[in-house]
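Undergrad: What follows is query23.cif; its format and atoms are mmCIF, C-alpha atoms.
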data_run
loop_
_atom_site.label_atom_id
_atom_site.label_comp_id
_atom_site.auth_asym_id
_atom_site.auth_seq_id
_atom_site.Cartn_x
_atom_site.Cartn_y
_atom_site.Cartn_z
CA MET Y 1 86.32 73.84 79.84
CA ALA Y 2 85.59 76.42 77.19
CA GLY Y 3 86.65 79.90 78.15
CA MET Y 4 89.43 78.85 80.51
CA THR Y 5 92.45 81.11 80.34
CA PRO Y 6 95.56 79.19 79.27
CA SER Y 7 98.40 79.33 81.78
CA GLY Y 8 101.05 81.97 81.13
CA SER Y 9 98.66 84.50 79.59
CA ALA Y 10 96.29 87.15 80.94
CA GLY Y 11 95.73 85.45 84.29
CA ASP Y 12 99.43 85.49 85.10
CA ASP Y 13 99.78 89.11 84.01
CA ARG Y 14 97.16 90.15 86.51
CA SER Y 15 98.76 88.29 89.41
CA TYR Y 16 102.15 89.78 88.50
CA ALA Y 17 100.59 93.24 88.40
CA MET Y 18 99.24 92.61 91.88
CA GLY Y 19 102.77 92.12 93.15
CA MET Y 20 102.32 88.47 94.01
CA HIS Y 21 105.33 87.18 92.05
CA THR Y 22 108.16 89.48 92.99
CA GLU Y 23 110.29 86.40 93.57
CA GLN Y 24 109.97 82.67 93.70
CA LEU Y 25 107.85 81.54 96.60
CA ALA Y 26 109.84 80.18 99.50
CA GLY Y 27 108.11 78.84 102.56
CA ARG Y 28 104.73 80.43 102.99
CA THR Y 29 105.53 84.07 102.40
CA GLN Y 30 104.30 86.01 99.39
CA GLN Y 31 107.14 88.51 99.82
CA VAL Y 32 104.81 91.45 100.12
CA PHE Y 33 106.41 94.30 102.06
CA PHE Y 34 104.97 97.12 104.08
CA ARG Y 35 105.83 100.61 103.02
CA PRO Y 36 106.42 102.79 106.07
CA GLU Y 37 105.41 105.86 104.05
CA GLU Y 38 101.94 104.41 103.37
CA GLY Y 39 99.30 107.12 103.76
CA GLU Y 40 97.01 107.47 106.77
CA ARG Y 41 93.84 105.81 105.58
CA PHE Y 42 91.30 104.28 107.92
CA LEU Y 43 88.76 102.79 105.53
CA TYR Y 44 88.87 100.46 102.56
CA PRO Y 45 89.44 102.33 99.28
CA TRP Y 46 86.00 101.34 98.01
CA ALA Y 47 84.11 102.22 101.21
CA PRO Y 48 81.72 105.16 100.80
CA GLU Y 49 82.16 108.15 103.10
CA VAL Y 50 79.45 108.09 105.74
CA ASP Y 51 78.52 110.53 108.48
CA TYR Y 52 77.38 109.06 111.80
CA ASN Y 53 75.23 112.16 112.33
CA LYS Y 54 73.32 111.56 109.10
CA ARG Y 55 70.46 109.24 110.08
CA ALA Y 56 67.97 107.25 108.02
CA GLU Y 57 65.09 104.92 108.86
CA LEU Y 58 64.09 101.89 106.84
CA ASP Y 59 60.82 99.99 107.23
CA ALA Y 60 61.52 96.34 106.39
CA ASP Y 61 57.94 95.17 106.78
CA ALA Y 62 57.11 94.77 103.09
CA LEU Y 63 60.65 94.12 101.86
CA THR Y 64 62.51 90.85 101.27
CA SER Y 65 65.89 90.24 102.90
CA THR Y 66 67.64 90.99 99.62
CA GLU Y 67 65.76 94.24 99.22
CA VAL Y 68 66.60 95.34 102.78
CA ASN Y 69 70.29 94.63 102.25
CA ALA Y 70 70.28 96.47 98.92
CA ARG Y 71 68.62 99.49 100.55
CA LEU Y 72 71.25 99.49 103.30
CA ARG Y 73 74.00 99.66 100.67
CA ALA Y 74 72.23 102.43 98.81
CA LEU Y 75 71.83 104.47 101.99
CA MET Y 76 75.54 104.10 102.76
CA GLN Y 77 76.34 105.31 99.24
CA GLU Y 78 74.24 108.39 100.03
CA GLY Y 79 76.40 109.04 103.10
CA TYR Y 80 74.07 107.85 105.85
CA GLY Y 81 76.15 106.68 108.81
CA THR Y 82 73.30 105.74 111.14
CA ILE Y 83 70.50 103.54 109.87
CA VAL Y 84 67.54 102.25 111.88
CA VAL Y 85 65.70 99.22 110.46
CA ARG Y 86 62.16 98.89 111.74
CA ASN Y 87 59.93 95.79 111.57
CA PRO Y 88 62.59 93.23 110.61
CA ARG Y 89 60.09 90.55 111.70
CA GLY Y 90 62.61 87.73 112.02
CA LYS Y 91 63.78 87.86 108.41
CA HIS Y 92 66.96 85.91 107.67
CA SER Y 93 70.39 87.14 106.56
CA LEU Y 94 69.76 90.81 107.28
CA GLY Y 95 72.70 93.23 107.41
CA VAL Y 96 75.21 90.80 105.92
CA GLY Y 97 78.43 91.71 104.12
CA ILE Y 98 78.76 95.32 105.26
CA LEU Y 99 82.42 96.28 104.79
CA ASN Y 100 82.34 99.81 106.13
CA ARG Y 101 81.89 101.78 109.32
CA LEU Y 102 78.22 102.26 110.11
CA ASN Y 103 75.84 102.47 113.04
CA LEU Y 104 73.10 99.96 112.29
CA ILE Y 105 70.15 99.44 114.61
CA PHE Y 106 67.50 96.77 114.20
CA GLU Y 107 64.28 97.45 116.10
CA GLY Y 108 63.08 93.88 116.50
CA SER Y 109 64.23 90.28 116.16
CA LEU Y 110 66.16 88.73 113.27
CA GLY Y 111 66.21 85.22 111.82
CA TYR Y 112 69.26 83.14 111.00
CA PHE Y 113 72.63 84.31 109.67
CA ALA Y 114 72.03 87.88 110.84
CA VAL Y 115 74.88 90.35 110.22
CA GLY Y 116 77.27 87.69 108.92
CA LEU Y 117 80.49 88.53 107.07
CA ILE Y 118 80.60 92.09 108.32
CA ASP Y 119 83.83 94.07 108.47
CA GLY Y 120 83.52 97.26 110.50
CA PRO Y 121 79.96 98.29 111.46
CA ASN Y 122 78.57 98.75 114.94
CA VAL Y 123 75.26 96.88 115.13
CA ARG Y 124 72.62 96.84 117.85
CA ILE Y 125 69.74 94.37 117.67
CA ASN Y 126 66.89 95.20 120.02
CA GLY Y 127 65.46 91.71 120.01
CA ARG Y 128 66.49 88.08 119.50
CA VAL Y 129 68.45 86.36 116.75
CA GLY Y 130 68.33 82.88 115.21
CA TRP Y 131 71.18 80.54 114.33
CA SER Y 132 74.65 81.65 113.34
CA CYS Y 133 74.42 85.33 114.12
CA GLY Y 134 77.69 87.07 113.19
CA GLU Y 135 78.91 84.05 111.23
CA ASN Y 136 82.36 84.79 109.73
CA MET Y 137 82.32 88.29 111.17
CA MET Y 138 85.60 90.10 110.43
CA ALA Y 139 85.46 93.33 112.46
CA GLY Y 140 83.03 95.66 114.21
CA THR Y 141 80.69 95.24 117.16
CA VAL Y 142 77.34 93.43 117.38
CA LEU Y 143 75.17 93.75 120.48
CA ILE Y 144 72.04 91.60 120.88
CA GLU Y 145 69.72 92.67 123.65
CA LYS Y 146 67.93 89.33 124.14
CA ASN Y 147 68.76 85.66 123.43
CA ALA Y 148 70.50 84.03 120.46
CA GLY Y 149 70.19 80.62 118.81
CA SER Y 150 72.79 77.94 118.20
CA THR Y 151 76.19 78.37 116.53
CA PHE Y 152 76.32 81.98 117.70
CA GLY Y 153 79.45 83.49 116.14
CA ALA Y 154 80.34 80.44 114.05
CA ALA Y 155 83.79 80.88 112.50
CA VAL Y 156 84.03 84.47 113.70
CA ARG Y 157 87.39 86.01 112.77
CA GLY Y 158 87.41 89.37 114.50
CA GLY Y 159 85.40 92.01 116.33
CA ASP Y 160 83.09 91.85 119.34
CA LEU Y 161 79.92 89.74 119.20
CA VAL Y 162 77.86 90.25 122.32
CA CYS Y 163 74.59 88.69 123.49
CA ARG Y 164 73.14 90.04 126.69
CA GLY Y 165 70.92 86.98 127.13
CA SER Y 166 71.64 83.27 126.76
CA VAL Y 167 72.71 81.41 123.63
CA GLY Y 168 72.28 77.90 122.24
CA SER Y 169 74.81 75.16 121.63
CA ARG Y 170 78.09 75.26 119.69
CA THR Y 171 78.69 78.92 120.40
CA GLY Y 172 81.85 80.10 118.62
CA ILE Y 173 82.30 76.82 116.77
CA ASP Y 174 85.48 77.01 114.72
CA MET Y 175 86.11 80.60 115.81
CA LYS Y 176 89.36 81.97 114.40
CA GLY Y 177 89.61 85.23 116.29
CA GLY Y 178 87.58 88.03 117.81
CA THR Y 179 85.61 88.13 121.04
CA ILE Y 180 82.28 86.49 121.84
CA ILE Y 181 80.56 87.62 125.04
CA VAL Y 182 77.48 85.92 126.47
CA GLY Y 183 75.71 87.66 129.34
CA GLY Y 184 73.75 84.52 130.31
CA ASP Y 185 74.39 80.82 129.73
CA THR Y 186 75.78 78.95 126.76
CA GLY Y 187 74.87 75.46 125.54
CA ALA Y 188 76.83 72.28 124.87
CA PHE Y 189 80.00 72.15 122.75
CA SER Y 190 80.68 75.87 123.01
CA GLY Y 191 84.13 76.71 121.66
CA PHE Y 192 84.18 73.46 119.66
CA MET Y 193 87.30 73.41 117.47
CA MET Y 194 88.15 76.97 118.51
CA GLN Y 195 91.39 78.10 116.90
CA ARG Y 196 91.99 81.49 118.47
CA GLY Y 197 90.14 84.47 119.91
CA ARG Y 198 88.34 84.88 123.20
CA MET Y 199 84.98 83.73 124.51
CA VAL Y 200 83.49 85.14 127.70
CA VAL Y 201 80.47 83.47 129.32
CA CYS Y 202 79.15 85.35 132.33
CA GLY Y 203 76.70 82.55 133.25
CA ASN Y 204 77.04 78.78 133.02
CA ALA Y 205 78.49 76.64 130.24
CA GLY Y 206 77.01 73.35 129.01
CA LYS Y 207 78.83 70.08 128.55
CA ASN Y 208 81.95 69.56 126.44
CA LEU Y 209 83.12 73.14 126.67
CA GLY Y 210 86.07 73.84 124.37
CA ASP Y 211 86.05 70.37 122.87
CA SER Y 212 89.03 69.86 120.53
CA MET Y 213 90.04 73.49 120.83
CA TYR Y 214 93.31 74.22 119.10
CA ASP Y 215 94.06 77.57 120.69
CA GLY Y 216 92.26 80.63 122.07
CA THR Y 217 90.85 81.38 125.50
CA ILE Y 218 87.46 80.81 127.17
CA TYR Y 219 86.44 82.62 130.36
CA VAL Y 220 83.42 81.36 132.32
CA GLY Y 221 81.89 83.21 135.25
CA GLY Y 222 79.44 80.47 136.32
CA THR Y 223 79.69 76.72 136.45
CA ILE Y 224 81.00 74.46 133.68
CA ARG Y 225 79.05 71.24 133.16
CA ASP Y 226 82.22 69.55 131.91
CA LEU Y 227 85.19 70.18 129.67
CA GLY Y 228 85.66 68.71 126.21
CA VAL Y 229 88.70 66.86 124.93
CA ASP Y 230 91.96 68.79 125.43
CA ALA Y 231 90.34 71.81 127.13
CA VAL Y 232 92.18 72.55 130.36
CA PRO Y 233 91.95 75.20 133.10
CA ALA Y 234 94.66 77.87 133.24
CA GLU Y 235 95.69 80.62 135.62
CA LEU Y 236 93.76 83.88 135.38
CA THR Y 237 96.50 86.51 135.08
CA ASP Y 238 96.37 90.23 135.90
CA LEU Y 239 96.31 90.97 132.17
CA ASP Y 240 93.29 88.66 131.82
CA LYS Y 241 91.50 90.40 134.68
CA ALA Y 242 92.22 93.87 133.30
CA TRP Y 243 91.05 92.86 129.83
CA LEU Y 244 87.88 91.15 131.16
CA THR Y 245 87.01 94.12 133.35
CA ARG Y 246 87.44 96.61 130.53
CA LYS Y 247 85.59 94.50 127.98
CA LEU Y 248 82.62 93.61 130.20
CA ARG Y 249 82.27 97.18 131.45
CA GLN Y 250 82.21 98.33 127.84
CA TYR Y 251 79.02 96.31 127.28
CA GLU Y 252 77.57 96.91 130.77
CA LEU Y 253 77.99 93.23 131.65
CA LEU Y 254 80.57 93.54 134.41
CA PRO Y 255 79.36 91.48 137.40
CA ALA Y 256 79.00 93.32 140.70
CA GLN Y 257 81.66 91.06 142.29
CA GLY Y 258 84.17 91.75 139.52
CA VAL Y 259 85.98 89.10 137.46
CA ASP Y 260 88.17 87.28 139.98
CA HIS Y 261 85.76 84.33 140.07
CA PHE Y 262 86.04 83.63 136.31
CA THR Y 263 87.55 80.31 135.23
CA LYS Y 264 89.98 80.44 132.33
CA ILE Y 265 90.07 77.56 129.86
CA VAL Y 266 92.74 77.05 127.21
CA ALA Y 267 93.88 74.29 124.87
CA GLY Y 268 95.98 71.55 126.42
CA LYS Y 269 97.68 71.21 123.00
CA GLN Y 270 97.80 67.45 123.30
CA LEU Y 271 95.99 67.23 119.98
CA TRP Y 272 98.82 68.99 118.21
CA ASN Y 273 100.25 66.03 116.39
CA TYR Y 274 102.40 67.81 113.83
CA ASP Y 275 105.58 66.32 115.17
CA ASN Y 276 104.19 62.86 114.48
CA LEU Y 277 102.45 63.62 111.22
CA GLU Y 278 104.69 66.03 109.37
CA PRO Y 279 107.62 63.69 108.68
CA THR Y 280 105.13 61.21 107.24
CA GLU Y 281 103.62 63.88 105.05
CA LYS Y 282 107.08 64.90 103.92
CA LYS Y 283 107.90 61.32 102.93
CA LEU Y 284 104.67 61.07 100.99
CA ILE Y 285 105.48 64.25 99.08
CA LEU Y 286 109.06 63.16 98.37
CA MET J 1 105.91 86.21 126.05
CA ALA J 2 109.31 84.94 127.09
CA GLY J 3 108.91 81.57 128.75
CA THR J 4 105.83 80.70 126.72
CA SER J 5 105.92 77.01 126.03
CA TYR J 6 104.93 75.48 122.73
CA LYS J 7 104.84 71.97 121.45
CA GLY J 8 107.77 72.58 119.16
CA SER J 9 109.90 75.10 121.03
CA GLU J 10 109.95 77.49 123.92
CA ILE J 11 110.07 81.22 123.26
CA ARG J 12 112.88 82.52 125.43
CA SER J 13 113.54 85.93 123.95
CA VAL J 14 111.65 88.45 121.84
CA ASP J 15 114.38 88.26 119.17
CA GLN J 16 114.56 84.48 119.08
CA PHE J 17 113.12 84.13 115.59
CA ILE J 18 115.08 86.94 113.95
CA SER J 19 118.44 86.12 115.48
CA SER J 20 118.35 82.43 114.59
CA ASP J 21 116.60 80.05 112.24
CA GLY J 22 114.09 79.39 115.03
CA LEU J 23 114.30 75.64 114.70
CA ASP J 24 114.75 74.43 118.24
CA SER J 25 113.44 70.94 118.81
CA GLU J 26 114.91 67.86 117.20
CA ARG J 27 111.71 67.37 115.23
CA GLU J 28 111.80 70.95 113.88
CA LYS J 29 115.37 70.47 112.75
CA GLU J 30 114.47 67.18 111.12
CA ILE J 31 111.58 68.57 109.10
CA GLY J 32 113.21 71.95 108.48
CA GLN J 33 110.31 74.10 109.63
CA HIS J 34 108.91 75.33 112.89
CA ILE J 35 105.95 73.75 114.63
CA GLY J 36 103.16 75.99 115.85
CA TYR J 37 102.94 79.77 116.02
CA ARG J 38 106.02 81.91 116.59
CA TYR J 39 104.21 84.26 118.87
CA ASP J 40 101.67 83.96 121.64
CA VAL J 41 98.32 84.12 119.83
CA ASN J 42 96.58 84.54 123.18
CA LEU J 43 98.61 87.58 124.28
CA LEU J 44 96.15 90.32 125.24
CA PRO J 45 97.04 93.88 124.22
CA ASP J 46 98.40 96.40 126.70
CA TYR J 47 96.27 99.47 126.02
CA ASP J 48 98.86 101.79 127.56
CA ARG J 49 100.98 101.16 124.47
CA LEU J 50 98.55 102.26 121.75
CA THR J 51 100.12 104.34 118.98
CA HIS J 52 98.67 107.69 117.90
CA PHE J 53 97.51 106.17 114.61
CA LEU J 54 95.68 103.33 116.35
CA ARG J 55 93.91 105.73 118.72
CA LYS J 56 92.70 107.68 115.71
CA TYR J 57 91.59 104.51 113.91
CA ILE J 58 89.58 103.36 116.94
CA GLU J 59 87.91 106.78 117.16
CA ILE J 60 86.99 106.90 113.48
CA MET J 61 85.52 103.40 113.54
CA GLY J 62 83.43 104.29 116.60
CA TRP J 63 84.91 101.50 118.73
CA ASP J 64 86.06 101.54 122.34
CA ASP J 65 89.09 99.34 121.81
CA LEU J 66 91.26 97.66 119.19
CA ASN J 67 88.41 95.35 118.13
CA TRP J 68 89.68 92.93 115.45
CA LEU J 69 93.23 94.16 115.90
CA GLU J 70 93.38 92.45 119.29
CA ASP J 71 94.16 89.31 117.30
CA VAL J 72 96.98 90.86 115.30
CA HIS J 73 100.55 90.26 116.48
CA MET J 74 104.00 90.64 115.02
CA GLY J 75 105.18 87.26 113.86
CA TYR J 76 108.34 86.02 112.22
CA GLU J 77 108.76 84.44 108.84
CA GLU J 78 112.07 83.07 107.64
CA GLY J 79 114.12 85.19 110.00
CA HIS J 80 112.24 88.44 109.33
CA ALA J 81 109.57 90.27 111.26
CA ALA J 82 106.22 89.93 109.48
CA VAL J 83 102.49 90.31 110.02
CA PHE J 84 99.87 87.86 108.83
CA ASP J 85 97.26 89.54 106.62
CA ARG J 86 94.04 87.51 106.66
CA ASN J 87 92.77 89.33 103.57
CA ILE J 88 95.54 87.90 101.39
CA ASN J 89 96.16 84.80 103.49
CA GLY J 90 99.85 85.53 103.60
CA TRP J 91 102.65 87.16 105.54
CA VAL J 92 103.57 90.77 104.89
CA ARG J 93 107.13 91.56 105.84
CA VAL J 94 108.25 94.45 107.98
CA PRO J 95 111.15 96.22 106.21
CA ASP J 96 114.46 95.43 107.88
CA ASP J 97 115.27 99.12 108.35
CA ILE J 98 112.42 99.60 110.84
CA ASP J 99 113.75 99.44 114.39
CA LEU J 100 111.86 96.87 116.38
CA PRO J 101 111.07 97.64 120.04
CA ASP J 102 112.48 95.29 122.67
CA ASN J 103 109.15 93.84 123.74
CA GLN J 104 106.29 91.98 122.08
CA GLN J 105 103.54 94.38 123.20
CA ASP J 106 105.10 97.36 121.38
CA ARG J 107 105.93 95.18 118.39
CA ASP J 108 102.30 94.12 118.22
CA MET J 109 101.16 97.76 118.15
CA ILE J 110 103.51 98.46 115.23
CA ALA J 111 102.21 95.34 113.48
CA ARG J 112 98.60 96.55 113.89
CA GLU J 113 99.39 100.01 112.52
CA LEU J 114 101.29 98.66 109.52
CA LEU J 115 98.54 96.16 108.75
CA VAL J 116 95.73 98.74 108.81
CA LYS J 117 97.73 101.09 106.57
CA PHE J 118 98.45 98.28 104.12
CA GLN J 119 94.90 96.92 104.03
CA MET J 120 93.43 100.37 103.42
CA SER J 121 95.91 101.32 100.70
CA GLU J 122 95.22 101.31 96.97
CA ARG J 123 98.07 98.85 96.39
CA HIS J 124 96.50 96.10 98.50
CA PRO J 125 95.69 93.02 96.36
CA MET J 126 92.07 93.15 97.55
CA VAL J 127 91.51 96.26 95.45
CA GLU J 128 92.15 94.37 92.21
CA LEU J 129 90.49 91.20 93.43
CA ARG J 130 87.38 93.17 94.21
CA GLU J 131 87.36 94.74 90.77
CA ALA J 132 87.71 91.32 89.17
CA TYR J 133 85.30 89.28 91.24
CA ARG J 134 82.82 91.47 93.11
CA LYS J 135 79.18 90.58 92.76
CA PHE J 136 77.66 93.77 94.12
#
Take the structure in the file and give it back as structure tokens.
TA:
Amino acid sequence: MAGMTPSGSAGDDRSYAMGMHTEQLAGRTQQVFFRPEEGERFLYPWAPEVDYNKRAELDADALTSTEVNARLRALMQEGYGTIVVRNPRGKHSLGVGILNRLNLIFEGSLGYFAVGLIDGPNVRINGRVGWSCGENMMAGTVLIEKNAGSTFGAAVRGGDLVCRGSVGSRTGIDMKGGTIIVGGDTGAFSGFMMQRGRMVVCGNAGKNLGDSMYDGTIYVGGTIRDLGVDAVPAELTDLDKAWLTRKLRQYELLPAQGVDHFTKIVAGKQLWNYDNLEPTEKKLIL
Amino acid sequence: MAGTSYKGSEIRSVDQFISSDGLDSEREKEIGQHIGYRYDVNLLPDYDRLTHFLRKYIEIMGWDDLNWLEDVHMGYEEGHAAVFDRNINGWVRVPDDIDLPDNQQDRDMIARELLVKFQMSERHPMVELREAYRKF
């Protein structure tokens, strides 16, 4: 392990400088405190200033995915806040890792892992997308005008991921937050191992909806083939209806008859076995 | 929020976890820690309670609503109000001298504002982590 930093030297200094050792760890807190006087900033310190009114166009026809993504970063550095990508031609992993506000428009269809790991931008895709669109998305909005493949919004953590058409199976698998909206139908095992966040399906849902979900909420406007393990219906409250109405209207997906017919699905929490497992774990540690 | 039932305990009051140790069930007392979240992770925001700062943030980002902040709530860690920051995978405590409103919806709005201000500040650990490990 040549080159490893010995403990107690430079590595520790850095973590101390970052304020991560102000006192001995107790429980799970890192004892980091908010400062009420913190300045009014709205963007990450490293995010370049962009102007939504400054518009650029990028022809992706002869470029690789890496080159397209590099050009997008360069344009943001130059202050462009609206970027239109033409001829994406189903290339994979386009628009990934953008950690800034930006209006990004793709004129055409994208391949797999489109706009993954984003934190802030507003993206419109005037076409279809392949697998895992918006995978690990942190914040922002993504609107797909046509259909999407499987594992749409896998492990999404925040933001709105919207597909006007239908999507494949395992939509929102392992989602940890955020909102997924499907204008059409969704396939089998949607919401599989969902941990939190909200999924809205305006059409029908395939079999095993919400299988092994831990928490979070699924709303379905059409029929549900069947529910997965520990997914149970719940009462649609006034707050649910108000939120659904506002959110669906925002993306022009509000059904003519409103949202009263939506079925709400939540976790039954019968798979929460901490009270059985934790004492055992504690004994093992002791 | 009040009346929400959890596997480990039932949340009866908004101050339950800052006025007591929050260990309710026999199992929680036995293992010395709470089971499950200490707030309703599914609570939807009441948009009538947005703060001025949050309205401005939404406008600058070009969104129509709270977006990712819909999943941010004020939680409680070791008897103190705190907010979970996903970027450092840890709780960030709310100073004790900040007066907490008497309802979860307003507390959540304060939590969202504090979290955005902290994440965007130069003293956030992500700033140094990015310097040390960024690839592009």
Undergrad: Restricting the calculation to all atoms listed in the file, which member of J:Glu26, J:Asp21, J:Asp71, J:Glu78 is positioned closest to Asn42 in chain J?
TA: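 Going through J:Glu26, J:Asp21, J:Asp71, J:Glu78 one by one, the smallest distance to Asn42 in chain J is for J:Asp71.
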Undergrad: Enter the distance from CA of Arg12 in chain J to CA of Leu44 in chain J, in Å, rounded to one decimal.
TA: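 Computing the Euclidean distance for CA of Arg12 in chain J and CA of Leu44 in chain J yields 18.5 Å.
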Undergrad: Would you mind listing what lies within 6 Å of Asp108 in chain J as a compact mmCIF listing (two decimals) with C-alpha atoms, keeping the file's coordinate frame, with only C-alpha atoms counted and same-chain residues fewer than 3 positions away left out?
TA:
# COMPACT_ATOMS: atom_id res chain seq x y z
CA HIS J 73 100.55 90.26 116.48
CA MET J 74 104.00 90.64 115.02
CA GLN J 104 106.29 91.98 122.08
CA GLN J 105 103.54 94.38 123.20
CA ALA J 111 102.21 95.34 113.48
Undergrad: Enter the distance from CA of Val41 in chain J to CA of Thr245 in chain Y, in Å, rounded to one decimal.
TA: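 A separation of 20.3 Å between them.
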Undergrad: Around (91.9, 87.4, 102.0) in the file's frame, which residues reach within 12 Å when counting all atoms listed in the file? Return as an mmCIF file with C-alpha atoms, keeping the file's coordinate frame?
TA:
data_model
loop_
_atom_site.group_PDB
_atom_site.id
_atom_site.type_symbol
_atom_site.label_atom_id
_atom_site.label_comp_id
_atom_site.auth_asym_id
_atom_site.auth_seq_id
_atom_site.Cartn_x
_atom_site.Cartn_y
_atom_site.Cartn_z
ATOM 1 C CA MET Y 138 85.600 90.100 110.430
ATOM 2 C CA ARG Y 157 87.390 86.010 112.770
ATOM 3 C CA PHE J 84 99.870 87.860 108.830
ATOM 4 C CA ASP J 85 97.260 89.540 106.620
ATOM 5 C CA ARG J 86 94.040 87.510 106.660
ATOM 6 C CA ASN J 87 92.770 89.330 103.570
ATOM 7 C CA ILE J 88 95.540 87.900 101.390
ATOM 8 C CA ASN J 89 96.160 84.800 103.490
ATOM 9 C CA GLY J 90 99.850 85.530 103.600
ATOM 10 C CA TRP J 91 102.650 87.160 105.540
ATOM 11 C CA GLN J 119 94.900 96.920 104.030
ATOM 12 C CA HIS J 124 96.500 96.100 98.500
ATOM 13 C CA PRO J 125 95.690 93.020 96.360
ATOM 14 C CA MET J 126 92.070 93.150 97.550
ATOM 15 C CA VAL J 127 91.510 96.260 95.450
ATOM 16 C CA LEU J 129 90.490 91.200 93.430
ATOM 17 C CA ARG J 130 87.380 93.170 94.210
#
Undergrad: Determine the residue set returned by the PyMOL selection byres ((chain J and resi 57-63) around 8) for the present structure, and present it as a PyMOL selection string.
TA: (chain Y and resi 42+101+120-122+140-141) or (chain J and resi 53-56+64-67)
Undergrad: Near range 223-230 of chain Y, within 10 Å and counting only C-alpha atoms, which residues show up once chain neighbours fewer than 2 positions away are dropped, as a ChimeraX atom specification?
TA: /Y:185-192,201-214,220-221,232-233,262-263,265-272
Undergrad: How many Å separate CA of Ile105 in chain Y from CA of Leu115 in chain J?
TA: 29.2 Å
Undergrad: Which is closest to His92 in chain Y among Y:Ala62, Y:Ala256, Y:Leu117, Y:Cys133, if we use only C-alpha atoms?
TA: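 Ranking Y:Ala62, Y:Ala256, Y:Leu117, Y:Cys133 by distance to His92 in chain Y, first place goes to Y:Cys133.
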Undergrad: Please evaluate the PyMOL selection byres ((chain Y and resi 146) around 7) against the structure above and give the resulting residues as a list of chain:residue names.
TA: Y:Gly127, Y:Arg128, Y:Ile144, Y:Glu145, Y:Asn147, Y:Ala148, Y:Cys163, Y:Arg164, Y:Gly165
Undergrad: Translate the PyMOL selection byres ((chain J and resi 113) around 10), as applied to the file shown, into an explicit residue set as a list of chain:residue names.
TA: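 For this structure, the PyMOL selection byres ((chain J and resi 113) around 10) resolves to Y:Pro36, Y:Glu40, J:Leu50, J:Thr51, J:His52, J:Phe53, J:Leu54, J:Tyr57, J:Leu69, J:Val72, J:Asp108, J:Met109, J:Ile110, J:Ala111, J:Arg112, J:Leu114, J:Leu115, J:Val116, J:Lys117, J:Phe118.
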Undergrad: Could you dump the residues just selected with C-alpha atoms as an mmCIF file, in the coordinates of the input?
TA:
data_model
loop_
_atom_site.group_PDB
_atom_site.id
_atom_site.type_symbol
_atom_site.label_atom_id
_atom_site.label_comp_id
_atom_site.auth_asym_id
_atom_site.auth_seq_id
_atom_site.Cartn_x
_atom_site.Cartn_y
_atom_site.Cartn_z
ATOM 1 C CA PRO Y 36 106.420 102.790 106.070
ATOM 2 C CA GLU Y 40 97.010 107.470 106.770
ATOM 3 C CA LEU J 50 98.550 102.260 121.750
ATOM 4 C CA THR J 51 100.120 104.340 118.980
ATOM 5 C CA HIS J 52 98.670 107.690 117.900
ATOM 6 C CA PHE J 53 97.510 106.170 114.610
ATOM 7 C CA LEU J 54 95.680 103.330 116.350
ATOM 8 C CA TYR J 57 91.590 104.510 113.910
ATOM 9 C CA LEU J 69 93.230 94.160 115.900
ATOM 10 C CA VAL J 72 96.980 90.860 115.300
ATOM 11 C CA ASP J 108 102.300 94.120 118.220
ATOM 12 C CA MET J 109 101.160 97.760 118.150
ATOM 13 C CA ILE J 110 103.510 98.460 115.230
ATOM 14 C CA ALA J 111 102.210 95.340 113.480
ATOM 15 C CA ARG J 112 98.600 96.550 113.890
ATOM 16 C CA LEU J 114 101.290 98.660 109.520
ATOM 17 C CA LEU J 115 98.540 96.160 108.750
ATOM 18 C CA VAL J 116 95.730 98.740 108.810
ATOM 19 C CA LYS J 117 97.730 101.090 106.570
ATOM 20 C CA PHE J 118 98.450 98.280 104.120
#
Undergrad: Identify which of the residues J:Val14, J:Ala82, J:Met120, J:Leu43 lies closest to chain Y, counting all atoms listed in the file when measuring atom-to-atom distances.
TA: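 Going through J:Val14, J:Ala82, J:Met120, J:Leu43 one by one, the smallest distance to chain Y is for J:Met120.
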Undergrad: Would you mind telling me which residue in J:Asp15, J:Asp106, J:Glu131, J:Glu122 lies nearest to chain Y when using only C-alpha atoms?
TA: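 Residue with the minimum atom-to-atom distance to chain Y: J:Glu122.
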